[in-house]
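Trainee: Pasting data_8.cif here (mmCIF, C-alpha atoms):
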```cif
data_target
loop_
_atom_site.label_atom_id
_atom_site.label_comp_id
_atom_site.auth_asym_id
_atom_site.auth_seq_id
_atom_site.Cartn_x
_atom_site.Cartn_y
_atom_site.Cartn_z
CA MET I 142 -14.67 -19.54 13.14
CA PHE I 143 -13.77 -17.29 10.23
CA ASP I 144 -15.71 -14.08 10.69
CA TYR I 145 -13.06 -11.59 9.69
CA THR I 146 -13.51 -9.32 6.71
CA PHE I 147 -10.32 -8.20 5.07
CA GLN I 148 -10.21 -4.49 4.39
CA TRP I 149 -7.46 -4.07 1.87
CA ARG I 150 -8.56 -0.54 1.08
CA THR I 151 -7.14 0.70 4.41
CA ALA I 152 -3.83 -0.85 3.54
CA PHE I 153 -3.78 0.61 0.03
CA ARG I 154 -4.54 4.04 1.41
CA ALA I 155 -1.34 3.71 3.42
CA LEU I 156 0.65 2.70 0.36
CA PRO I 157 2.08 6.13 -0.60
CA ASP I 158 3.43 6.67 2.90
CA MET I 159 4.75 3.13 2.99
CA LEU I 160 6.60 3.67 -0.27
CA GLU I 161 8.24 6.73 1.27
CA GLY I 162 9.15 4.51 4.19
CA ALA I 163 10.60 1.98 1.78
CA VAL I 164 12.91 4.68 0.42
CA VAL I 165 14.11 5.44 3.96
CA THR I 166 14.63 1.72 4.53
CA PHE I 167 16.67 1.39 1.38
CA GLU I 168 18.75 4.48 2.11
CA THR I 169 19.48 3.32 5.65
CA ALA I 170 20.54 -0.09 4.41
CA ALA I 171 22.70 1.39 1.65
CA LEU I 172 24.42 3.79 4.07
CA SER I 173 25.06 1.00 6.53
CA MET I 174 26.56 -1.08 3.72
CA ILE I 175 28.88 1.73 2.58
CA PHE I 176 30.15 2.34 6.11
CA GLY I 177 30.16 -1.41 6.74
CA ILE I 178 32.40 -2.11 3.74
CA LEU I 179 34.82 0.68 4.69
CA ILE I 180 35.04 -0.50 8.29
CA ALA I 181 35.34 -4.12 7.16
CA LEU I 182 38.33 -3.19 5.00
CA ALA I 183 39.87 -1.40 7.98
CA LEU I 184 39.21 -4.45 10.17
CA LEU I 185 40.79 -6.65 7.53
CA ALA I 186 43.93 -4.50 7.53
CA MET I 187 43.95 -4.48 11.33
CA ARG I 188 43.74 -8.26 11.51
CA GLU I 189 46.72 -8.62 9.19
CA ALA I 190 48.71 -6.03 11.13
CA PRO I 191 51.73 -7.12 13.18
CA ASN I 192 50.57 -5.16 16.24
CA PRO I 193 48.73 -7.59 18.57
CA ALA I 194 46.60 -4.79 20.08
CA THR I 195 44.98 -3.84 16.76
CA ARG I 196 44.55 -7.52 15.93
CA ALA I 197 42.75 -8.03 19.23
CA VAL I 198 40.44 -5.05 18.64
CA ALA I 199 39.50 -6.26 15.18
CA GLY I 200 39.04 -9.84 16.38
CA THR I 201 36.79 -8.71 19.23
CA TRP I 202 34.72 -6.57 16.89
CA VAL I 203 34.17 -9.44 14.47
CA SER I 204 33.33 -12.01 17.11
CA ILE I 205 30.90 -9.75 18.98
CA ALA I 206 29.19 -8.76 15.72
CA ARG I 207 28.80 -12.38 14.70
CA ASN I 208 27.88 -13.94 18.05
CA THR I 209 25.23 -11.62 19.43
CA PRO I 210 21.82 -10.69 17.98
CA ALA I 211 21.64 -7.62 15.75
CA LEU I 212 18.84 -6.32 17.96
CA PHE I 213 21.18 -6.54 20.95
CA GLN I 214 23.75 -4.45 19.10
CA ILE I 215 21.13 -1.82 18.33
CA TYR I 216 20.05 -1.85 21.99
CA ILE I 217 23.62 -1.29 23.16
CA VAL I 218 23.86 1.80 20.97
CA TYR I 219 20.40 3.11 21.84
CA PHE I 220 20.12 2.38 25.57
CA GLY I 221 23.76 1.76 26.46
CA LEU I 222 25.18 4.95 24.99
CA GLY I 223 22.19 6.84 26.35
CA ALA I 224 23.20 5.72 29.84
CA ILE I 225 26.66 7.26 29.56
CA GLY I 226 25.19 10.53 28.36
CA MET I 227 25.35 10.11 24.58
CA HIS I 228 21.76 10.34 23.45
CA VAL I 229 21.32 9.10 19.92
CA SER I 230 18.16 9.11 17.83
CA SER I 231 16.50 5.79 16.98
CA TRP I 232 17.62 6.16 13.37
CA ALA I 233 21.24 6.77 14.33
CA ALA I 234 21.12 3.82 16.72
CA LEU I 235 19.68 1.60 14.00
CA LEU I 236 22.27 2.74 11.49
CA ALA I 237 25.16 2.30 13.93
CA GLY I 238 23.93 -1.13 15.04
CA ILE I 239 23.51 -2.46 11.52
CA THR I 240 26.80 -0.96 10.39
CA PHE I 241 28.55 -2.68 13.29
CA ASN I 242 26.91 -5.95 12.32
CA ASN I 243 27.63 -5.59 8.59
CA ALA I 244 31.27 -4.71 9.22
CA GLY I 245 31.77 -7.83 11.32
CA TYR I 246 30.24 -10.19 8.77
CA LEU I 247 31.88 -8.52 5.76
CA ALA I 248 35.31 -8.54 7.39
CA GLU I 249 35.05 -12.31 7.68
CA ASN I 250 33.92 -12.59 4.03
CA PHE I 251 36.75 -10.38 2.82
CA ARG I 252 39.27 -12.45 4.74
CA GLY I 253 37.99 -15.57 3.04
CA GLY I 254 38.22 -13.80 -0.32
CA LEU I 255 41.75 -12.65 0.28
CA LYS I 256 42.81 -16.18 1.21
CA ALA I 257 41.50 -17.45 -2.11
CA ILE I 258 44.05 -15.37 -4.06
CA PRO I 259 47.43 -17.09 -3.99
CA ASP I 260 50.44 -15.15 -2.74
CA THR I 261 52.38 -16.25 -5.78
CA GLN I 262 50.27 -13.99 -7.99
CA VAL I 263 51.47 -10.89 -6.19
CA ARG I 264 55.05 -12.11 -6.46
CA ALA I 265 54.59 -12.82 -10.15
CA ALA I 266 53.14 -9.35 -10.69
CA ARG I 267 56.01 -7.77 -8.79
CA SER I 268 58.58 -9.68 -10.83
CA LEU I 269 56.93 -8.39 -13.99
CA GLY I 270 57.94 -4.94 -12.78
CA MET I 271 54.67 -3.73 -11.20
CA SER I 272 54.88 -1.68 -8.06
CA SER I 273 53.25 -3.09 -4.94
CA PHE I 274 50.29 -0.76 -5.35
CA GLN I 275 49.90 -1.68 -9.01
CA ALA I 276 49.99 -5.36 -8.14
CA TYR I 277 47.17 -4.86 -5.68
CA ARG I 278 45.14 -2.61 -7.93
CA LEU I 279 45.51 -4.60 -11.13
CA VAL I 280 45.83 -8.18 -9.90
CA VAL I 281 44.47 -8.68 -6.39
CA VAL I 282 41.55 -6.26 -6.15
CA PRO I 283 39.78 -7.23 -9.40
CA GLN I 284 39.81 -10.89 -8.34
CA LEU I 285 38.82 -10.04 -4.78
CA LEU I 286 35.84 -8.06 -6.06
CA ARG I 287 34.65 -11.04 -8.05
CA ILE I 288 34.85 -13.29 -4.99
CA VAL I 289 33.25 -10.93 -2.47
CA PHE I 290 30.60 -9.51 -4.80
CA TYR I 291 28.07 -12.21 -4.04
CA PRO I 292 28.51 -12.04 -0.23
CA ILE I 293 28.18 -8.24 -0.43
CA THR I 294 24.89 -8.56 -2.33
CA ASN I 295 23.68 -11.02 0.26
CA GLN I 296 24.68 -8.73 3.09
CA MET I 297 22.85 -5.85 1.42
CA VAL I 298 19.64 -7.88 1.41
CA TRP I 299 20.29 -8.74 5.05
CA ALA I 300 20.82 -5.07 5.84
CA VAL I 301 17.43 -4.21 4.32
CA LEU I 302 15.76 -6.92 6.37
CA MET I 303 17.59 -5.80 9.51
CA THR I 304 16.35 -2.22 9.20
CA SER I 305 12.95 -3.57 10.24
CA LEU I 306 14.38 -3.80 13.77
CA GLY I 307 14.35 -0.02 14.01
CA VAL I 308 10.70 -0.08 15.01
CA ILE I 309 11.63 -1.80 18.29
CA VAL I 310 13.73 1.20 19.34
CA GLY I 311 10.98 3.58 18.23
CA LEU I 312 11.87 4.47 14.65
CA ASN I 313 8.71 5.57 12.83
CA ASN I 314 9.71 6.63 9.33
CA ASP I 315 11.12 3.45 7.78
CA LEU I 316 8.89 0.87 6.11
CA THR I 317 8.14 -1.13 9.25
CA GLY I 318 7.83 2.05 11.32
CA VAL I 319 5.28 3.59 8.97
CA THR I 320 3.36 0.32 8.85
CA GLN I 321 3.30 0.11 12.64
CA ASP I 322 2.14 3.73 12.79
CA TYR I 323 -0.85 2.93 10.57
CA ASN I 324 -1.39 -0.28 12.50
CA VAL I 325 -1.88 1.43 15.86
CA ARG I 326 -4.32 3.85 14.24
CA THR I 327 -6.44 1.43 12.21
CA PHE I 328 -5.80 -2.02 13.78
CA ARG I 329 -5.69 -3.61 10.33
CA THR I 330 -2.58 -5.53 11.34
CA PHE I 331 -2.72 -8.35 8.83
CA GLU I 332 -3.50 -6.27 5.76
CA LEU I 333 -0.91 -3.60 6.53
CA PHE I 334 1.90 -5.98 7.38
CA ALA I 335 1.11 -8.22 4.42
CA LEU I 336 1.56 -5.18 2.19
CA ALA I 337 4.81 -4.34 3.99
CA ALA I 338 5.98 -7.93 3.45
CA VAL I 339 5.30 -7.63 -0.28
CA LEU I 340 7.26 -4.37 -0.41
CA TYR I 341 10.21 -5.92 1.46
CA TYR I 342 10.14 -8.87 -0.91
CA LEU I 343 10.20 -6.55 -3.91
CA ILE I 344 13.11 -4.52 -2.49
CA ALA I 345 15.07 -7.70 -1.81
CA LYS I 346 14.44 -9.01 -5.34
CA LEU I 347 15.28 -5.64 -6.85
CA ILE I 348 18.66 -5.68 -5.12
CA VAL I 349 19.37 -9.20 -6.36
CA VAL I 350 18.40 -8.33 -9.94
CA ILE I 351 20.47 -5.13 -9.99
CA ALA I 352 23.43 -7.03 -8.55
CA ARG I 353 23.11 -9.69 -11.25
CA LEU I 354 23.06 -7.06 -13.98
CA LEU I 355 26.04 -5.29 -12.44
CA ALA I 356 27.96 -8.53 -12.11
CA TRP I 357 27.21 -9.43 -15.71
CA ARG I 358 28.44 -6.02 -16.86
CA LEU I 359 31.45 -5.77 -14.55
CA PHE I 360 32.86 -9.26 -14.46
CA ARG I 361 33.07 -10.22 -18.12
CA TYR I 362 36.39 -11.51 -19.28
CA MET V 167 36.57 -2.52 50.21
CA PHE V 168 34.54 -0.48 47.73
CA SER V 169 32.17 0.84 50.37
CA ASN V 170 32.70 4.42 49.24
CA GLY V 171 33.38 3.60 45.60
CA PHE V 172 30.43 4.92 43.66
CA MET V 173 31.61 3.14 40.53
CA PHE V 174 31.04 -0.30 41.95
CA SER V 175 27.64 0.11 43.54
CA THR V 176 24.88 -1.50 41.60
CA SER V 177 21.28 -2.44 42.13
CA PHE V 178 21.73 -5.57 40.09
CA THR V 179 20.85 -8.49 42.37
CA TRP V 180 21.17 -12.26 42.21
CA ASN V 181 17.46 -12.43 41.55
CA ASP V 182 17.96 -10.32 38.44
CA LEU V 183 20.65 -12.71 37.25
CA LEU V 184 18.27 -15.59 37.86
CA PHE V 185 15.62 -13.77 35.82
CA LEU V 186 18.11 -13.32 32.97
CA LEU V 187 19.03 -16.99 33.11
CA GLN V 188 15.36 -17.94 32.93
CA GLY V 189 15.15 -15.73 29.84
CA ALA V 190 18.18 -17.53 28.44
CA TRP V 191 16.42 -20.84 29.05
CA VAL V 192 13.42 -19.64 27.03
CA THR V 193 15.83 -18.58 24.28
CA LEU V 194 17.37 -22.06 24.28
CA LEU V 195 13.97 -23.79 24.26
CA LEU V 196 12.80 -21.65 21.35
CA THR V 197 16.01 -22.39 19.48
CA PHE V 198 15.69 -26.11 20.14
CA TRP V 199 12.08 -26.48 19.00
CA SER V 200 12.42 -24.22 15.99
CA MET V 201 15.60 -26.00 14.91
CA LEU V 202 13.90 -29.38 15.33
CA LEU V 203 10.89 -28.28 13.29
CA GLY V 204 13.01 -26.43 10.77
CA THR V 205 15.46 -29.29 10.30
CA VAL V 206 12.77 -31.90 9.75
CA MET V 207 11.01 -29.69 7.20
CA GLY V 208 14.28 -28.46 5.72
CA VAL V 209 15.71 -31.94 5.20
CA SER V 210 12.56 -33.18 3.47
CA CYS V 211 12.23 -30.07 1.30
CA GLY V 212 15.97 -30.06 0.58
CA LEU V 213 15.93 -33.70 -0.53
CA LEU V 214 12.94 -33.00 -2.75
CA ARG V 215 14.64 -29.93 -4.23
CA ALA V 216 17.80 -31.88 -4.96
CA LEU V 217 16.22 -35.08 -6.28
CA LEU V 218 13.32 -33.57 -8.26
CA PRO V 219 14.72 -30.17 -9.24
CA ARG V 220 12.21 -29.50 -12.02
CA ALA V 221 9.03 -30.46 -10.20
CA THR V 222 9.85 -28.51 -7.05
CA ILE V 223 10.70 -25.12 -8.56
CA PRO V 224 7.49 -23.61 -7.11
CA LEU V 225 8.54 -24.91 -3.68
CA GLY V 226 11.81 -23.04 -4.14
CA TRP V 227 9.95 -19.83 -4.90
CA PHE V 228 7.69 -20.32 -1.91
CA LEU V 229 10.59 -20.85 0.50
CA ASP V 230 12.40 -17.87 -1.00
CA ILE V 231 9.62 -15.64 0.31
CA PHE V 232 10.56 -16.49 3.89
CA ARG V 233 14.16 -15.54 3.21
CA SER V 234 13.25 -12.19 1.65
CA VAL V 235 10.80 -10.84 4.23
CA PRO V 236 12.01 -9.59 7.64
CA LEU V 237 11.46 -12.12 10.40
CA LEU V 238 9.84 -9.46 12.56
CA ILE V 239 7.13 -8.97 9.94
CA GLN V 240 6.64 -12.72 9.66
CA PHE V 241 6.03 -12.88 13.42
CA VAL V 242 3.50 -10.05 13.30
CA LEU V 243 1.75 -11.48 10.24
CA PHE V 244 1.43 -14.99 11.60
CA ASN V 245 0.34 -13.70 14.99
CA SER V 246 -2.49 -11.71 13.47
CA LEU V 247 -3.37 -14.54 11.10
CA LYS V 248 -3.66 -16.75 14.15
CA SER V 249 -6.27 -14.43 15.68
CA ILE V 250 -8.11 -14.11 12.36
CA VAL V 251 -8.41 -17.86 11.91
CA GLY V 252 -9.12 -18.32 15.60
CA LEU V 253 -6.30 -20.69 16.50
CA ASP V 254 -5.80 -20.96 20.23
CA TRP V 255 -2.02 -21.13 20.24
CA SER V 256 0.28 -19.69 22.86
CA ALA V 257 2.78 -17.02 21.89
CA PHE V 258 5.55 -19.58 22.46
CA THR V 259 4.02 -21.98 19.91
CA VAL V 260 3.64 -19.15 17.40
CA GLY V 261 7.27 -18.21 17.96
CA CYS V 262 8.44 -21.79 17.42
CA VAL V 263 6.36 -22.29 14.28
CA VAL V 264 7.35 -19.03 12.58
CA LEU V 265 10.99 -19.44 13.47
CA GLY V 266 10.79 -23.09 12.45
CA VAL V 267 9.49 -22.27 8.98
CA TYR V 268 12.11 -19.53 8.66
CA VAL V 269 14.82 -22.03 9.60
CA ALA V 270 13.34 -24.58 7.17
CA ALA V 271 13.69 -22.10 4.30
CA PHE V 272 17.43 -21.80 4.95
CA CYS V 273 17.91 -25.45 5.88
CA THR V 274 16.42 -26.50 2.53
CA GLU V 275 19.18 -24.69 0.66
CA ILE V 276 21.88 -26.17 2.92
CA VAL V 277 20.57 -29.72 2.50
CA ARG V 278 20.10 -29.24 -1.23
CA SER V 279 23.66 -28.10 -1.81
CA GLY V 280 24.88 -30.92 0.45
CA VAL V 281 23.06 -33.55 -1.61
CA LEU V 282 24.18 -31.97 -4.88
CA SER V 283 27.79 -32.06 -3.69
CA VAL V 284 27.78 -35.85 -3.87
CA PRO V 285 29.27 -36.69 -7.29
CA GLN V 286 26.86 -38.26 -9.75
CA ASN V 287 29.44 -40.92 -10.63
CA LEU V 288 29.48 -42.15 -7.05
CA ARG V 289 25.73 -42.66 -7.15
CA LEU V 290 25.94 -44.46 -10.47
CA ALA V 291 28.66 -46.67 -9.00
CA SER V 292 26.55 -47.59 -5.99
CA ARG V 293 23.58 -48.33 -8.23
CA SER V 294 25.70 -50.56 -10.45
CA LEU V 295 26.90 -52.44 -7.36
CA GLY V 296 23.29 -53.53 -6.99
CA MET V 297 22.03 -51.03 -4.43
CA THR V 298 18.45 -49.89 -4.81
CA TYR V 299 17.59 -46.20 -5.18
CA TRP V 300 16.79 -45.94 -1.48
CA GLN V 301 19.87 -47.87 -0.37
CA ASP V 302 22.00 -45.53 -2.45
CA LEU V 303 20.30 -42.57 -0.82
CA ARG V 304 20.54 -43.99 2.66
CA TYR V 305 24.08 -45.44 2.69
CA VAL V 306 25.96 -43.32 0.15
CA VAL V 307 24.33 -39.94 -0.39
CA MET V 308 23.14 -39.15 3.14
CA PRO V 309 26.41 -39.77 5.02
CA LEU V 310 28.42 -37.73 2.52
CA ALA V 311 25.85 -34.93 2.28
CA THR V 312 25.63 -34.68 6.06
CA ARG V 313 29.34 -33.98 6.35
CA VAL V 314 29.11 -31.22 3.75
CA ALA V 315 25.93 -29.70 5.16
CA PHE V 316 26.83 -29.85 8.85
CA PRO V 317 28.89 -26.62 9.16
CA GLY V 318 26.13 -24.68 7.39
CA TRP V 319 23.53 -26.25 9.64
CA LEU V 320 25.54 -25.30 12.73
CA ASN V 321 25.76 -21.71 11.53
CA LEU V 322 22.04 -21.79 10.93
CA SER V 323 21.35 -22.93 14.48
CA LEU V 324 23.51 -20.10 15.82
CA SER V 325 21.66 -17.56 13.72
CA ALA V 326 18.34 -19.04 14.82
CA MET V 327 19.48 -18.59 18.42
CA LYS V 328 20.21 -14.94 17.71
CA ASP V 329 16.94 -14.47 15.83
CA THR V 330 14.92 -15.64 18.83
CA ALA V 331 15.54 -12.14 20.19
CA LEU V 332 12.77 -10.91 17.88
CA VAL V 333 10.00 -12.92 19.56
CA MET V 334 9.83 -10.23 22.22
CA TRP V 335 7.61 -8.36 19.75
CA ILE V 336 4.84 -10.94 20.18
CA GLY V 337 5.20 -10.91 23.94
CA ILE V 338 7.54 -13.72 24.92
CA ILE V 339 10.01 -12.94 27.67
CA GLU V 340 13.30 -14.31 26.40
CA LEU V 341 16.82 -13.22 27.26
CA LEU V 342 16.83 -9.78 25.63
CA ARG V 343 13.31 -8.90 26.78
CA ALA V 344 14.21 -10.03 30.30
CA SER V 345 17.23 -7.74 30.29
CA GLN V 346 15.02 -4.87 29.16
CA ALA V 347 12.60 -5.50 32.00
CA ILE V 348 15.47 -5.28 34.48
CA VAL V 349 16.80 -2.14 32.81
CA THR V 350 13.42 -0.49 33.24
CA ARG V 351 13.59 -1.20 36.96
CA ILE V 352 17.20 -0.49 37.93
CA GLN V 353 18.14 1.98 35.14
CA GLU V 354 21.58 0.56 34.46
CA PRO V 355 21.28 -0.38 30.78
CA LEU V 356 24.96 -0.79 30.00
CA LEU V 357 25.63 -3.31 32.76
CA VAL V 358 22.49 -5.38 32.21
CA LEU V 359 22.84 -5.41 28.42
CA CYS V 360 26.48 -6.44 28.70
CA ILE V 361 25.51 -9.38 30.91
CA ALA V 362 22.80 -10.39 28.42
CA GLY V 363 25.30 -10.05 25.57
CA LEU V 364 27.80 -12.17 27.46
CA ILE V 365 25.20 -14.92 27.87
CA TYR V 366 24.46 -14.87 24.12
CA TYR V 367 28.18 -14.93 23.41
CA LEU V 368 28.76 -17.88 25.74
CA ILE V 369 25.90 -19.88 24.20
CA SER V 370 27.34 -19.27 20.73
CA LEU V 371 30.80 -20.22 21.91
CA VAL V 372 29.65 -23.49 23.50
CA VAL V 373 27.55 -24.49 20.49
CA SER V 374 30.30 -23.77 17.97
CA ARG V 375 32.87 -25.63 20.11
CA LEU V 376 30.58 -28.66 20.33
CA GLY V 377 30.07 -28.49 16.58
CA ALA V 378 33.82 -28.39 15.98
CA GLN V 379 34.18 -31.51 18.15
CA VAL V 380 31.57 -33.36 16.11
CA GLU V 381 33.25 -32.37 12.85
CA LYS V 382 36.60 -33.55 14.16
CA ARG V 383 35.19 -36.93 15.15
CA TRP V 384 33.63 -37.41 11.74
CA GLN V 385 36.89 -36.60 10.06
CA GLN V 386 38.64 -39.30 12.09
CA ASN V 387 36.18 -41.88 10.83
CA ASP V 388 36.58 -40.93 7.20
#
```
Is it possible to express this structure as structure tokens?

Mentor:
Amino acid sequence: MFDYTFQWRTAFRALPDMLEGAVVTFETAALSMIFGILIALALLAMREAPNPATRAVAGTWVSIARNTPALFQIYIVYFGLGAIGMHVSSWAALLAGITFNNAGYLAENFRGGLKAIPDTQVRAARSLGMSSFQAYRLVVVPQLLRIVFYPITNQMVWAVLMTSLGVIVGLNNDLTGVTQDYNVRTFRTFELFALAAVLYYLIAKLIVVIARLLAWRLFRY
Amino acid sequence: MFSNGFMFSTSFTWNDLLFLLQGAWVTLLLTFWSMLLGTVMGVSCGLLRALLPRATIPLGWFLDIFRSVPLLIQFVLFNSLKSIVGLDWSAFTVGCVVLGVYVAAFCTEIVRSGVLSVPQNLRLASRSLGMTYWQDLRYVVMPLATRVAFPGWLNLSLSAMKDTALVMWIGIIELLRASQAIVTRIQEPLLVLCIAGLIYYLISLVVSRLGAQVEKRWQQND
């Protein structure tokens, strides 16, 4: 029944390349988070705007991002845009898909965060003589950051895990892509992917630890 | 009417739509079984985590692994482990089990926070009314915890539905894979993908509406 010999050496020989892949994975996730946060802030502003058209656009974005699979969103960019003549590389498709997804989820988180800060605080700040911008910068934003910091960390971990979908649209230089490359050459599926799993786990934990340290440093009273 | 309108000609047939709907059915089946498996495991692990927090710390670490490794890699790993050990399981079973364990890892946290949201005083009160430990759990903690945990559980089932898209990697033809097969044939990716996306969207919409109904009914009884 059990006549399989594990050959971990093959997997360890792939380790240097996989670590390079891990860097690509991390960079992709970080980029998608930066763009995601910026777009999420824009979506947040659009949803508060009086113009119903911009509200509708932002609402559609958020609901599509949250109600369809991330892989579907990557497919739309990769195959869908290709069909109308915009050929994008697998990496660009992955980045665009994840950014779209991140923006949708983060916009919803930010909205929840904004709701948690009472209106009266802004009014109080204004009556103390602060300008509107000062009130936002000194009163609202610091509190908002505290509230949305944890969801952002979570979303960053999600983004790292989502980058593994790139391999399905043919990406071959991120962690999963490199692993799959070695896999089709050596057929040591279990060993290679187990190593990849360990690396993903370590990246995820690293993000959580760094976020904790940052939060401890940033959010002291 | 559109006989000369190039824009509106398509090779997408009713049979293709039927094929997509069959894929959607597989998606729903996978979601159902993995949610069933995941909920049963998640509720038991979550109760354990909440009631014996010290003794089950290793369980928490173990379940954390499933939340920190991409689901795609979990599918590949379990699939190859299956061949190594020599289990004769179908791809569908593998999909359900892996997704089920993944769901269980998240469900545990939802159930745990639900149980912990019941105030300790309430439990002491029910014990001092003469209820046994199990009666307290069954008639006081569970009903209250369920109401707290339900929205999270509903979100989890929606995300499980979306995550079923990844089983295509181990060779199951679900909704997204079905749409890809049609794209390969008729070369109209945007149309076919939009239809697939619409089906996902509709499923999400129906499930979340049903969930909102349930929540409303519970609130009336409170």

Trainee: Tell me as a ChimeraX atom specification which residues belonging to chain V come within 8 Å of chain I, counting only C-alpha atoms.

Mentor: /V:231,234-240,242-243,246-247,250-252,324,328-329,331-332,335,342,354-356,359,363,366-367,370-371

Trainee: If we count only C-alpha atoms and set the cut-off at 10 Å, which residues sit around segment 179-185 of chain I, ignoring sequence neighbours fewer than 3 positions away in its own chain? Please answer as a list in words.

Mentor: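 Listed by chain and then number, they are Ser173, Met174, Ile175, Phe176, Arg188, Glu189, Ala190, Thr195, Arg196, Val198, Ala199, Gly200, Trp202, Val203, Thr240, Phe241, Asn243, Ala244, Gly245, Tyr246, Leu247, Ala248, Glu249, Asn250, Phe251, Arg252 and Leu255 of chain I.
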
Trainee: Can you spell out as a list of chain:residue names the set of residues that the PyMOL selection byres ((chain I and resi 154-158) around 8) selects in the structure I just provided?

Mentor: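 Selection result, ordered by chain and number: I:Arg150, I:Thr151, I:Ala152, I:Phe153, I:Met159, I:Leu160, I:Glu161, I:Gly162, I:Val319, I:Thr320, I:Tyr323, I:Leu333.
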
Trainee: Which polymer residues have any atom within 8 Å of an atom of Thr294 of chain I, counting only C-alpha atoms, with same-chain residues fewer than 3 positions away left out, as a ChimeraX atom specification?

Mentor: /I:290-291,297-298,348-349,352

Trainee: Find the spatial neighbours of Asp182 of chain V, counting all atoms listed in the file, within a cut-off of 9 Å - ignore same-chain residues fewer than 3 positions away - and output them as a PyMOL selection string.

Mentor: chain V and resi 178-179+185-187+344-345+348

Trainee: Can you tell me how far atom CA of Thr259 of chain V sits from atom CA of Arg343 of chain V, in Å to one decimal?

Mentor: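 Rounded to one decimal, the two atoms are 17.5 Å apart.
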
Trainee: Here is a test: counting only C-alpha atoms, which residue of V:Lys248, V:Gly208, V:Val269, V:Ala216 is nearest to Arg233 of chain V?

Mentor: V:Val269

Trainee: Up to 8 Å from (12.0, -15.8, 30.7) in the file's coordinates: name the residues, counting only C-alpha atoms, as a list in words.

Mentor: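 Here is the list of nearby residues: Phe185, Leu186, Leu187, Gln188, Gly189, Ala190, Trp191, Val192, Thr193, Ile338, Ile339, Glu340, Leu341 and Ala344 of chain V.
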
Trainee: Between atom CA of Ile288 of chain I and atom CA of Asp260 of chain I, what is the distance in Å, rounded to a tenth?

Mentor: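 Here the two named atoms are 15.9 Å from each other.
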
Trainee: Would you be able to write out as a short mmCIF file (atom, residue, chain, number, x, y, z; two decimals) with C-alpha atoms, keeping the file's coordinate frame which residues have an atom within 9 Å of (11.3, -28.2, 13.5) in the file's coordinates, counting only C-alpha atoms?

Mentor:
```cif
data_model
loop_
_atom_site.label_atom_id
_atom_site.label_comp_id
_atom_site.auth_asym_id
_atom_site.auth_seq_id
_atom_site.Cartn_x
_atom_site.Cartn_y
_atom_site.Cartn_z
CA PHE V 198 15.69 -26.11 20.14
CA TRP V 199 12.08 -26.48 19.00
CA SER V 200 12.42 -24.22 15.99
CA MET V 201 15.60 -26.00 14.91
CA LEU V 202 13.90 -29.38 15.33
CA LEU V 203 10.89 -28.28 13.29
CA GLY V 204 13.01 -26.43 10.77
CA THR V 205 15.46 -29.29 10.30
CA VAL V 206 12.77 -31.90 9.75
CA MET V 207 11.01 -29.69 7.20
CA GLY V 208 14.28 -28.46 5.72
CA CYS V 262 8.44 -21.79 17.42
CA VAL V 263 6.36 -22.29 14.28
CA LEU V 265 10.99 -19.44 13.47
CA GLY V 266 10.79 -23.09 12.45
CA VAL V 267 9.49 -22.27 8.98
CA VAL V 269 14.82 -22.03 9.60
CA ALA V 270 13.34 -24.58 7.17
#
```

Trainee: Between atom CA of Arg358 of chain I and atom CA of Ala265 of chain I, what distance in Å does the model show, to one decimal?

Mentor: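 So the answer is 27.8 Å.
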
Trainee: What does the PyMOL selection byres ((chain V and resi 284-301) around 12) select in this file, as a list in words?

Mentor: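 Against this file, the PyMOL selection byres ((chain V and resi 284-301) around 12) returns the residues Ala216, Leu217, Val277, Arg278, Ser279, Gly280, Val281, Leu282, Ser283, Asp302, Leu303, Arg304, Tyr305, Val306, Val307, Met308, Pro309, Leu310, Ala311, Thr312, Arg313, Val314 and Ala315 of chain V.
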
Trainee: With distances taken over only C-alpha atoms, which residue among V:Val358, V:Ser210, V:Gln385, V:Ser374 lies nearest Leu183 of chain V?

Mentor: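 The closest residue to Leu183 of chain V is V:Val358.
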
Trainee: What's the 8 Å shell around Leu312 of chain I, counting all atoms listed in the file, without same-chain residues fewer than 5 positions away, as a VMD selection string?

Mentor: chain I and resid 231 to 232 307 318

Trainee: For a quick check of understanding, using only C-alpha atoms, which of V:Asp230, V:Arg220, V:Ala326, V:Val333 has the smallest distance to Phe244 of chain V?

Mentor: V:Val333

Trainee: Just checking: using only C-alpha atoms, which residue out of V:Leu357, V:Trp384, V:Gly337, V:Thr222 ends up closest to Ser175 of chain V?

Mentor: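 With only C-alpha atoms as the atom set, the closest residue is V:Leu357.
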